[in-house]
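Structure file coords-v2.cif with mmCIF, C-alpha atoms and all ligand atoms:
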```cif
data_work
#
loop_
_atom_site.label_atom_id
_atom_site.label_comp_id
_atom_site.auth_asym_id
_atom_site.auth_seq_id
_atom_site.Cartn_x
_atom_site.Cartn_y
_atom_site.Cartn_z
CA MET A 1 139.06 130.89 -110.54
CA PRO A 2 136.75 128.04 -109.58
CA ASN A 3 133.43 128.41 -107.82
CA VAL A 4 132.79 126.45 -104.67
CA GLU A 5 129.53 125.05 -103.41
CA LEU A 6 128.83 123.37 -100.10
CA ILE A 7 125.54 121.59 -99.59
CA LYS A 8 124.45 120.60 -96.09
CA ILE A 9 127.96 120.05 -94.77
CA THR A 10 128.06 118.65 -91.26
CA LYS A 11 131.14 117.65 -89.27
CA ARG A 12 131.02 116.43 -85.68
CA TYR A 13 133.75 115.83 -83.13
CA ASP A 14 132.20 113.75 -80.35
CA ASN A 15 129.34 115.94 -79.19
CA VAL A 16 130.62 119.16 -80.80
CA VAL A 17 129.02 120.01 -84.12
CA ALA A 18 131.92 121.92 -85.66
CA ASN A 19 130.09 122.49 -88.99
CA ASP A 20 126.34 122.26 -88.71
CA ASN A 21 124.44 121.85 -91.97
CA ILE A 22 126.40 124.48 -93.91
CA ASN A 23 125.18 125.69 -97.28
CA LEU A 24 127.45 128.06 -99.11
CA ALA A 25 128.17 129.22 -102.63
CA ILE A 26 131.35 131.12 -103.47
CA LYS A 27 131.51 132.64 -106.92
CA ASP A 28 134.26 132.31 -109.40
CA GLY A 29 136.89 134.98 -108.63
CA GLU A 30 135.37 136.03 -105.36
CA TYR A 31 137.37 137.00 -102.27
CA VAL A 32 135.35 135.75 -99.32
CA SER A 33 136.29 135.94 -95.66
CA VAL A 34 135.04 133.90 -92.73
CA ILE A 35 134.82 135.48 -89.30
CA GLY A 36 133.37 134.31 -86.02
CA PRO A 37 134.37 133.64 -82.44
CA SER A 38 137.13 131.18 -81.65
CA GLY A 39 135.88 127.59 -81.90
CA CYS A 40 132.89 128.42 -84.14
CA GLY A 41 134.09 126.08 -86.92
CA LYS A 42 136.07 128.28 -89.32
CA THR A 43 139.09 125.99 -89.59
CA THR A 44 136.82 122.96 -89.89
CA LEU A 45 135.09 124.64 -92.82
CA ILE A 46 138.40 125.29 -94.60
CA LYS A 47 139.64 121.76 -93.89
CA ASN A 48 136.44 120.27 -95.30
CA ILE A 49 136.94 122.18 -98.55
CA ALA A 50 140.64 121.38 -98.70
CA GLY A 51 140.03 117.68 -98.11
CA ILE A 52 142.14 117.53 -94.96
CA ILE A 53 139.08 116.16 -93.18
CA LYS A 54 135.94 114.49 -94.49
CA PRO A 55 132.52 115.81 -93.60
CA ASP A 56 130.11 113.39 -91.90
CA SER A 57 127.47 114.38 -94.40
CA GLY A 58 126.90 116.80 -97.24
CA ASP A 59 128.48 117.48 -100.60
CA ILE A 60 131.35 119.70 -101.67
CA PHE A 61 131.64 120.93 -105.24
CA ILE A 62 134.64 122.73 -106.72
CA ASP A 63 134.03 124.08 -110.18
CA GLY A 64 130.85 122.03 -110.43
CA LYS A 65 132.63 118.76 -109.65
CA ARG A 66 131.82 116.80 -106.50
CA VAL A 67 135.13 116.45 -104.67
CA ASN A 68 134.15 114.58 -101.49
CA ASP A 69 136.22 111.57 -102.50
CA GLN A 70 139.04 113.48 -104.14
CA PRO A 71 142.34 113.67 -102.24
CA ILE A 72 143.69 117.07 -101.28
CA GLU A 73 146.33 117.14 -104.04
CA ASP A 74 143.71 116.72 -106.76
CA ARG A 75 141.45 119.54 -105.64
CA GLY A 76 143.45 122.38 -107.22
CA ILE A 77 143.74 124.28 -103.97
CA GLY A 78 146.50 126.20 -102.27
CA TYR A 79 146.34 126.04 -98.51
CA VAL A 80 148.08 128.56 -96.27
CA PHE A 81 147.80 128.70 -92.53
CA GLN A 82 149.00 130.83 -89.67
CA ASN A 83 152.17 129.01 -88.72
CA ILE A 84 154.52 129.66 -91.56
CA ALA A 85 155.50 126.25 -92.81
CA LEU A 86 158.45 126.87 -95.10
CA PHE A 87 161.27 124.32 -95.20
CA PRO A 88 163.99 125.98 -93.11
CA HIS A 89 166.88 124.22 -94.87
CA MET A 90 165.76 125.26 -98.35
CA ASN A 91 166.17 128.70 -99.86
CA ILE A 92 163.20 130.64 -101.22
CA TRP A 93 163.58 129.32 -104.75
CA ASP A 94 163.64 125.70 -103.56
CA ASN A 95 160.70 126.26 -101.25
CA VAL A 96 158.59 127.74 -104.00
CA THR A 97 159.55 125.10 -106.58
CA TYR A 98 158.95 122.24 -104.17
CA GLY A 99 155.35 121.55 -105.25
CA PRO A 100 156.06 121.37 -109.00
CA LYS A 101 159.14 119.19 -108.32
CA VAL A 102 157.14 116.69 -106.27
CA LYS A 103 154.55 116.62 -109.01
CA GLY A 104 157.30 115.71 -111.45
CA TRP A 105 156.92 118.80 -113.65
CA SER A 106 159.90 119.67 -115.79
CA GLN A 107 161.83 122.79 -114.90
CA LYS A 108 160.89 124.24 -118.25
CA GLU A 109 157.28 123.88 -117.27
CA SER A 110 157.49 125.22 -113.74
CA THR A 111 160.14 127.94 -113.93
CA PRO A 112 158.02 130.61 -115.68
CA LEU A 113 155.22 130.15 -113.16
CA VAL A 114 157.59 130.27 -110.20
CA LYS A 115 159.20 133.43 -111.59
CA GLU A 116 155.81 135.02 -112.07
CA MET A 117 154.82 134.22 -108.49
CA LEU A 118 158.08 135.58 -107.09
CA ASP A 119 157.61 138.75 -109.12
CA MET A 120 154.07 139.10 -107.85
CA ILE A 121 155.20 138.93 -104.25
CA GLN A 122 158.25 141.13 -104.99
CA LEU A 123 160.79 138.59 -103.80
CA SER A 124 162.55 137.84 -107.08
CA THR A 125 165.79 139.31 -105.77
CA ARG A 126 165.75 137.20 -102.62
CA VAL A 127 165.55 133.69 -104.10
CA GLU A 128 168.88 132.66 -102.54
CA ALA A 129 167.79 133.64 -99.04
CA TYR A 130 166.77 131.13 -96.42
CA PRO A 131 163.49 131.59 -94.52
CA SER A 132 165.29 132.66 -91.34
CA GLU A 133 166.84 135.56 -93.27
CA LEU A 134 163.44 136.96 -94.23
CA SER A 135 160.91 138.98 -92.23
CA GLY A 136 157.70 137.29 -91.09
CA GLY A 137 155.75 139.11 -93.80
CA MET A 138 158.14 137.93 -96.53
CA GLN A 139 157.98 134.37 -95.24
CA GLN A 140 154.22 134.39 -95.32
CA LYS A 141 154.22 135.79 -98.87
CA THR A 142 156.57 132.98 -99.82
CA ALA A 143 154.12 130.49 -98.31
CA VAL A 144 151.38 131.96 -100.49
CA ALA A 145 153.59 131.79 -103.59
CA ARG A 146 154.45 128.18 -102.78
CA ALA A 147 150.76 127.35 -102.43
CA LEU A 148 150.13 128.83 -105.87
CA THR A 149 152.98 127.35 -107.90
CA SER A 150 151.15 124.06 -108.20
CA ARG A 151 148.63 125.98 -110.31
CA ALA A 152 146.15 126.22 -107.49
CA GLU A 153 143.22 128.42 -108.42
CA LEU A 154 141.39 128.20 -105.13
CA LEU A 155 143.31 129.75 -102.27
CA LEU A 156 142.30 128.66 -98.77
CA LEU A 157 143.81 130.91 -96.13
CA ASP A 158 143.46 130.10 -92.45
CA GLU A 159 144.52 133.12 -90.41
CA PRO A 160 147.43 133.63 -92.80
CA LEU A 161 148.43 136.94 -91.24
CA GLY A 162 147.70 135.98 -87.65
CA ALA A 163 151.33 135.72 -86.55
CA LEU A 164 152.45 139.05 -88.01
CA ASP A 165 152.75 142.55 -86.58
CA VAL A 166 149.77 144.83 -86.95
CA LYS A 167 151.40 147.11 -89.54
CA VAL A 168 152.70 144.23 -91.64
CA ARG A 169 149.27 142.59 -91.50
CA ALA A 170 147.56 145.76 -92.63
CA LYS A 171 149.85 146.03 -95.67
CA LEU A 172 149.90 142.34 -96.59
CA ARG A 173 146.14 141.95 -96.57
CA TYR A 174 145.82 144.30 -99.54
CA GLU A 175 148.63 142.46 -101.33
CA LEU A 176 146.78 139.20 -100.82
CA ARG A 177 143.64 140.61 -102.32
CA ARG A 178 145.54 142.10 -105.25
CA LEU A 179 147.27 138.79 -105.91
CA VAL A 180 143.96 136.93 -105.91
CA LYS A 181 142.33 139.46 -108.22
CA ASP A 182 145.31 139.80 -110.59
CA LEU A 183 145.67 136.04 -110.97
CA HIS A 184 141.89 135.48 -111.20
CA LEU A 185 141.86 133.14 -108.24
CA THR A 186 139.06 132.43 -105.80
CA ALA A 187 139.90 132.92 -102.14
CA LEU A 188 138.38 131.86 -98.86
CA HIS A 189 140.14 133.63 -96.02
CA VAL A 190 139.56 132.80 -92.36
CA THR A 191 140.44 135.52 -89.91
CA HIS A 192 139.57 136.46 -86.35
CA ASP A 193 140.18 140.08 -87.31
CA GLN A 194 136.86 141.48 -88.48
CA GLU A 195 138.49 144.68 -89.66
CA GLU A 196 140.78 142.65 -91.93
CA ALA A 197 137.78 140.80 -93.32
CA MET A 198 135.82 144.00 -93.85
CA SER A 199 138.62 145.77 -95.68
CA ILE A 200 139.55 143.19 -98.31
CA SER A 201 136.55 140.96 -98.98
CA ASP A 202 133.86 140.95 -101.60
CA ARG A 203 131.67 139.14 -99.09
CA VAL A 204 132.05 138.13 -95.48
CA ILE A 205 130.63 135.02 -93.81
CA VAL A 206 129.75 135.33 -90.13
CA MET A 207 129.80 132.01 -88.27
CA ARG A 208 128.65 131.04 -84.82
CA LYS A 209 128.55 127.63 -83.13
CA GLY A 210 129.11 125.68 -86.33
CA LYS A 211 126.50 127.57 -88.35
CA ILE A 212 126.56 130.42 -90.82
CA VAL A 213 124.69 133.30 -89.20
CA GLU A 214 124.86 135.67 -92.12
CA ILE A 215 126.69 136.36 -95.39
CA GLY A 216 126.93 139.79 -96.92
CA THR A 217 129.10 142.51 -98.35
CA PRO A 218 131.18 144.35 -95.76
CA PHE A 219 128.94 147.38 -96.20
CA ASP A 220 125.71 145.44 -95.71
CA LEU A 221 126.99 143.64 -92.64
CA TYR A 222 127.97 146.93 -91.11
CA ILE A 223 125.00 149.05 -92.11
CA HIS A 224 122.14 146.53 -92.32
CA PRO A 225 123.11 143.44 -90.32
CA LYS A 226 120.22 141.00 -90.30
CA ASN A 227 121.10 139.69 -86.86
CA ILE A 228 121.90 141.15 -83.47
CA PHE A 229 124.89 138.82 -83.29
CA THR A 230 126.32 140.22 -86.53
CA ALA A 231 125.73 143.81 -85.41
CA ASN A 232 127.73 143.02 -82.30
CA PHE A 233 130.49 140.97 -83.93
CA VAL A 234 131.12 143.28 -86.86
CA GLY A 235 132.20 146.66 -85.55
CA GLU A 236 130.78 148.08 -82.38
CA ALA A 237 127.18 148.87 -81.53
CA ASN A 238 124.80 149.99 -78.80
CA PHE A 239 121.95 147.67 -77.87
CA LEU A 240 118.91 149.02 -76.03
CA GLU A 241 115.73 147.24 -74.99
CA GLY A 242 112.37 148.82 -75.55
CA THR A 243 108.76 148.29 -76.49
CA ILE A 244 106.83 149.54 -79.47
CA ALA A 245 104.68 152.42 -78.24
CA HIS A 246 103.19 153.70 -81.53
CA ILE A 247 103.08 152.71 -85.15
CA LEU A 248 103.32 155.75 -87.37
CA GLU A 249 102.75 156.48 -91.02
CA GLU A 250 106.51 156.21 -91.39
CA GLY A 251 108.11 153.91 -88.85
CA SER A 252 107.40 153.37 -85.17
CA ILE A 253 108.10 154.89 -81.79
CA VAL A 254 110.07 152.75 -79.37
CA ASP A 255 109.72 153.43 -75.66
CA LEU A 256 113.00 152.98 -73.77
CA LYS A 257 111.51 153.97 -70.38
CA ASN A 258 112.06 157.03 -68.19
CA GLY A 259 110.87 159.35 -70.90
CA LEU A 260 113.31 158.15 -73.56
CA ARG A 261 111.60 157.51 -76.87
CA LEU A 262 113.11 157.01 -80.28
CA ARG A 263 111.60 156.94 -83.70
CA VAL A 264 112.77 154.06 -85.84
CA THR A 265 112.07 153.44 -89.50
CA ILE A 266 110.76 149.92 -89.14
CA LYS A 267 107.01 149.41 -88.81
CA ASN A 268 106.49 145.68 -89.04
CA HIS A 269 105.92 145.32 -85.29
CA LYS A 270 102.83 145.49 -83.12
CA ILE A 271 102.19 147.80 -80.20
CA ASP A 272 103.85 146.47 -77.02
CA ASP A 273 106.26 144.22 -78.93
CA HIS A 274 109.49 143.79 -77.02
CA VAL A 275 112.36 144.92 -79.27
CA VAL A 276 116.07 145.66 -79.28
CA ILE A 277 117.26 148.79 -81.01
CA VAL A 278 120.81 149.02 -82.27
CA PHE A 279 122.94 151.89 -83.46
CA ARG A 280 126.64 152.36 -84.12
CA PRO A 281 128.60 154.65 -81.76
CA GLU A 282 129.49 157.03 -84.59
CA PHE A 283 125.87 157.64 -85.53
CA GLY A 284 125.08 159.70 -82.45
CA VAL A 285 125.36 163.48 -82.73
CA ILE A 286 125.80 165.68 -79.69
CA ARG A 287 123.09 168.33 -79.44
CA ASP A 288 123.73 171.73 -78.03
CA LYS A 289 122.24 172.24 -74.57
CA ASP A 290 120.34 175.29 -75.78
CA ASP A 291 118.97 173.52 -78.80
CA ASN A 292 115.35 172.89 -77.86
CA LYS A 293 114.52 170.31 -80.50
CA THR A 294 113.79 167.11 -78.65
CA PHE A 295 113.31 164.72 -81.57
CA ASN A 296 115.16 161.40 -81.19
CA ARG A 297 117.30 162.45 -78.32
CA LEU A 298 118.92 160.31 -75.70
CA SER A 299 119.99 162.16 -72.59
CA GLY A 300 122.34 161.16 -69.82
CA ASN A 301 125.69 161.75 -68.15
CA VAL A 302 129.20 161.18 -69.41
CA ILE A 303 130.75 158.51 -67.19
CA GLU A 304 133.98 157.82 -69.08
CA ILE A 305 136.07 159.37 -71.86
CA LEU A 306 138.64 157.34 -73.77
CA TYR A 307 140.97 158.50 -76.50
CA SER A 308 142.15 156.00 -79.07
CA GLY A 309 144.09 157.63 -81.84
CA ASN A 310 141.84 160.05 -83.65
CA ILE A 311 138.66 158.68 -82.08
CA VAL A 312 137.19 159.86 -78.79
CA ARG A 313 134.84 157.42 -77.08
CA TYR A 314 132.26 158.66 -74.63
CA LYS A 315 130.49 156.27 -72.33
CA VAL A 316 127.16 157.75 -71.35
CA LYS A 317 124.74 156.60 -68.70
CA LEU A 318 121.27 157.38 -69.95
CA VAL A 319 118.38 158.51 -67.77
CA ASN A 320 116.88 155.02 -68.07
CA ASN A 321 120.12 153.60 -66.59
CA ALA A 322 121.26 151.93 -69.80
CA THR A 323 124.82 152.71 -70.89
CA ILE A 324 125.75 153.62 -74.44
CA VAL A 325 128.96 154.50 -76.20
CA PHE A 326 129.27 157.14 -78.80
CA THR A 327 132.33 158.23 -80.68
CA ILE A 328 133.52 161.29 -82.51
CA SER A 329 136.55 161.77 -84.70
CA LEU A 330 138.95 164.23 -83.17
CA SER A 331 138.76 167.50 -85.03
CA ILE A 332 138.99 171.19 -84.42
CA GLN A 333 135.39 171.05 -83.22
CA ASP A 334 136.21 169.65 -79.80
CA PRO A 335 132.90 169.19 -77.94
CA LYS A 336 134.80 169.84 -74.64
CA LEU A 337 132.94 167.27 -72.62
CA SER A 338 134.09 166.13 -69.20
CA VAL A 339 133.13 163.21 -67.04
CA GLY A 340 129.94 164.06 -65.16
CA ASP A 341 128.62 166.39 -67.86
CA ASN A 342 125.04 166.20 -68.83
CA LEU A 343 124.41 165.81 -72.52
CA SER A 344 121.90 164.84 -75.12
CA ILE A 345 122.58 162.89 -78.25
CA TYR A 346 120.53 162.86 -81.41
CA VAL A 347 120.26 159.51 -83.18
CA PRO A 348 118.78 159.70 -86.69
CA PRO A 349 115.93 157.17 -87.21
CA GLU A 350 117.52 155.89 -90.42
CA HIS A 351 120.58 154.79 -88.45
CA ILE A 352 118.65 152.81 -85.87
CA LEU A 353 118.11 149.10 -86.48
CA THR A 354 115.25 147.30 -84.77
CA TYR A 355 115.10 143.59 -83.98
CA PRO A 356 112.58 141.44 -82.14
CA TYR A 357 113.79 140.81 -78.59
CA PRO A 358 115.65 137.46 -78.75
CA LYS A 359 113.90 134.50 -77.15
CA GLY A 360 116.93 133.45 -75.10
CA GLY A 361 117.58 137.01 -73.87
CA LEU A 362 119.79 139.79 -75.18
CA SER A 363 122.98 138.91 -73.31
CA LYS A 364 122.93 135.38 -74.68
CA GLU A 365 122.55 136.75 -78.19
CA LEU A 366 125.52 139.05 -77.65
CA SER A 367 127.78 136.40 -76.15
CA LEU A 368 130.81 135.66 -78.29
CA GLU A 369 130.68 131.91 -77.97
P1 LIG A 401 137.76 127.91 -85.28
O1 LIG A 401 138.72 127.71 -86.39
O2 LIG A 401 136.57 128.74 -85.66
O3 LIG A 401 138.39 128.44 -84.04
P2 LIG A 401 137.55 125.00 -85.32
O4 LIG A 401 136.96 124.68 -86.64
O5 LIG A 401 138.99 124.79 -85.16
O6 LIG A 401 137.14 126.48 -84.88
O7 LIG A 401 136.82 124.13 -84.22
C1 LIG A 401 135.40 124.03 -84.12
C2 LIG A 401 135.03 123.13 -82.95
O8 LIG A 401 135.45 121.79 -83.23
C3 LIG A 401 135.69 123.52 -81.64
O9 LIG A 401 134.80 123.26 -80.59
C4 LIG A 401 136.88 122.59 -81.57
O10 LIG A 401 137.24 122.32 -80.24
C5 LIG A 401 136.35 121.33 -82.25
N1 LIG A 401 137.41 120.57 -82.92
C6 LIG A 401 138.11 120.98 -84.01
N2 LIG A 401 139.00 120.05 -84.40
C7 LIG A 401 138.84 119.01 -83.55
C8 LIG A 401 139.46 117.72 -83.42
N3 LIG A 401 140.41 117.32 -84.28
N4 LIG A 401 139.06 116.92 -82.42
C9 LIG A 401 138.08 117.29 -81.56
N5 LIG A 401 137.45 118.48 -81.63
C10 LIG A 401 137.82 119.33 -82.60
MG MG A 402 140.78 128.14 -86.55
#
```
Could you write out this file's structure as C-alpha cells?
Ligand code: ADP
Ligand code: MG
Amino acid sequence: MPNVELIKITKRYDNVVANDNINLAIKDGEYVSVIGPSGCGKTTLIKNIAGIIKPDSGDIFIDGKRVNDQPIEDRGIGYVFQNIALFPHMNIWDNVTYGPKVKGWSQKESTPLVKEMLDMIQLSTRVEAYPSELSGGMQQKTAVARALTSRAELLLLDEPLGALDVKVRAKLRYELRRLVKDLHLTALHVTHDQEEAMSISDRVIVMRKGKIVEIGTPFDLYIHPKNIFTANFVGEANFLEGTIAHILEEGSIVDLKNGLRLRVTIKNHKIDDHVVIVFRPEFGVIRDKDDNKTFNRLSGNVIEILYSGNIVRYKVKLVNNATIVFTISLSIQDPKLSVGDNLSIYVPPEHILTYPYPKGGLSKELSLE
C-alpha cells in the first residue's frame, strides 16, 4: 500500500556506479517492474529500498517517511528473490508463520493472516508438506506468502520467477499481480524478462548502466519509446539510418539512400539532419508486386525465413544494403515467400519513430551493456 520515493540515490562499488543519481516515485498500490541488461543495477536498487545496503548518497522515503537509517525489519517490506529460500526442515505452515513467531506475535494474532495468505496462494491443503515435496512454483508462492505474513505492504521481488519453467512463470506472474492488487500492496518487481514486465505491470522502469533510461506504461514503452535503447530493449525493432530530405506540411521525408525514402510523422528536424528511424517488425505490410502505389515502401530480397510458433519472421536485405526483419502471424493468408524473393513492404508513417542520430553511434546505443 505505501508509496515509495527515491531522491538522488547513488551507490558505488569501487569504480562501478551501480545506482547513479536515481530519482523515482512509485505510487501507492502500483505494480512496477524494473528491466535492464544484466549488471545495470536492478538488484542494487531493490537492496537500497529494502535496507540490505545503504546508498552512498540520496534519500529513500516509504510512505512519506525517510527510511535511510531504518533497519530492514522496520521498513514494512517483504523481500523475495530468485533462489527460493524456504527452511527445508520446516513444513509450509511453519515456514509461513516463521516471521510472526520471530516478531513475538501471538498465534491468535498471526493465524488468521497466515490462513488468508495460504488461501490466496491456494496452498491451504498443503500446510503439512515440506518444501521438497512441492513444485518450484508452489515453493516460490510460499516464499511470497512468507514475505507477506509479517504484514508487509511493500513487496520487493528480485527475479522471483527466474528459476521456474517457462509455463509456470507465465501462470505465476498473473497470480503475483492479482495478489498484489487484491491485498492492496505496492510491488517493485525486478525481472530480466521484458515480456513478463510488459504483461503484468502498471509501469515499467528501464535501466541502463546504473541509471533510469525511461519509465512508462507497457503500452507507451512499446509504441512510443522515448529512447532508441528502450525501443531495442523492449520488444524487437528495426533501426535504419537516414537524413532528413524534406520537411512537409505533415511530417518529414527521410532519405535512406539508394532510392529508399520514407515519410515519418515527426517534423522537428532540419534538412540534412542525421536521424535513426525505428519500426517494429509487425508494422510492415507486404505489398503485392502488381500494386503500383509506391508510398512508404521498402524494397529488397528475402534472405532468411524463420518460423517461431504462430509468427513467421522474414529477414530482408533492402536495396540500400540495410537488413530489416518483419513478421506476420501465420494465417490462412500465407504470403508464400521464399528465400531470394523480391518484395516490397509498406510501413505506415504513424508507425515509424524518428530519433536524432546518437552522438556515440547507433551500435553503441543498441548495445545491451
Ligand atoms: P543487476 O541486478 O541489474 O544485474 P546489480 O545491481 O547486481 O545488477 O549490479 C550492478 C553493478 O554493481 C554490477 O556491475 C555489479 O558487478 C556491481 N556490484 C553489485 N554488487 C556488488 C558488490 N557487492 N561488490 C562489488 N560490486 C558489486
Ligand atoms: Mg540482479
(message) Would you pick out the contacts of segment 3-18 of chain A at 7 Å or less, using all atoms listed in the file, so that residues sharing its chain but fewer than 4 positions from it are not included, and give the list as a PyMOL selection string?
(response) chain A and resi 22-28+40-41+44+55-63+210
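Every protein, DNA or RNA residue with an atom at most 6 Å from segment 328-337 of chain A, where only C-alpha atoms count and chain neighbours fewer than 5 positions away do not, is listed here: Asn310, Ile311 and Val312 of chain A.
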Enumerate, in order of chain and increasing residue number, the residues of chain A with an atom no farther than 10 Å from ligand MG 402 (chain A), each with its shortest atom pair and distance in Å to one decimal, counting only C-alpha atoms and all ligand atoms, as a tab-separated table.
```
residue	atom	partner	partner_atom	distance
A:Ile35	CA	A:MG402	MG	9.8
A:Gly36	CA	A:MG402	MG	9.7
A:Pro37	CA	A:MG402	MG	9.4
A:Ser38	CA	A:MG402	MG	6.8
A:Gly39	CA	A:MG402	MG	6.8
A:Cys40	CA	A:MG402	MG	8.3
A:Gly41	CA	A:MG402	MG	7.0
A:Lys42	CA	A:MG402	MG	5.5
A:Thr43	CA	A:MG402	MG	4.1
A:Thr44	CA	A:MG402	MG	7.3
A:Leu45	CA	A:MG402	MG	9.2
A:Ile46	CA	A:MG402	MG	8.9
A:Lys47	CA	A:MG402	MG	9.8
A:Phe81	CA	A:MG402	MG	9.2
A:Gln82	CA	A:MG402	MG	9.2
A:Asp158	CA	A:MG402	MG	6.8
A:Glu159	CA	A:MG402	MG	7.3
A:Val190	CA	A:MG402	MG	7.5
A:Thr191	CA	A:MG402	MG	8.1
A:His192	CA	A:MG402	MG	8.4
```
(message) Restricting the calculation to all atoms listed in the file: of A:Ala170, A:Val96, A:Lys54, A:Leu221, which residue gets closest to ligand LIG 401 (chain A)?
(response) A:Lys54
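Of the residues under consideration (A:Arg203, A:His274, A:Arg173, A:His189), A:His189 shows the shortest atom-to-atom contact distance to ligand LIG 401 (chain A) when counting only C-alpha atoms and all ligand atoms.
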(request) Work out how far apart atom O3 of ligand LIG 401 (chain A) and atom CA of Lys209 of chain A are and give it in Å to one decimal. (result) 9.9 Å
Taking 6 positions as the minimum chain separation for residues in the same chain, which residues sit within 6 Å of segment 236-248 of chain A when counting only C-alpha atoms? Answer as a PDB file with C-alpha atoms, in the coordinates of the input.
```pdb
ATOM      1  CA  VAL A 254     110.070 152.750 -79.370  1.00  0.00           C
ATOM      2  CA  ASP A 255     109.720 153.430 -75.660  1.00  0.00           C
ATOM      3  CA  LEU A 256     113.000 152.980 -73.770  1.00  0.00           C
ATOM      4  CA  ILE A 271     102.190 147.800 -80.200  1.00  0.00           C
ATOM      5  CA  ASP A 272     103.850 146.470 -77.020  1.00  0.00           C
ATOM      6  CA  ASP A 273     106.260 144.220 -78.930  1.00  0.00           C
ATOM      7  CA  HIS A 274     109.490 143.790 -77.020  1.00  0.00           C
ATOM      8  CA  VAL A 275     112.360 144.920 -79.270  1.00  0.00           C
ATOM      9  CA  VAL A 276     116.070 145.660 -79.280  1.00  0.00           C
ATOM     10  CA  ILE A 277     117.260 148.790 -81.010  1.00  0.00           C
ATOM     11  CA  VAL A 278     120.810 149.020 -82.270  1.00  0.00           C
ATOM     12  CA  PHE A 279     122.940 151.890 -83.460  1.00  0.00           C
ATOM     13  CA  ARG A 280     126.640 152.360 -84.120  1.00  0.00           C
ATOM     14  CA  PRO A 281     128.600 154.650 -81.760  1.00  0.00           C
ATOM     15  CA  ILE A 324     125.750 153.620 -74.440  1.00  0.00           C
TER      16      ILE A 324
END
```
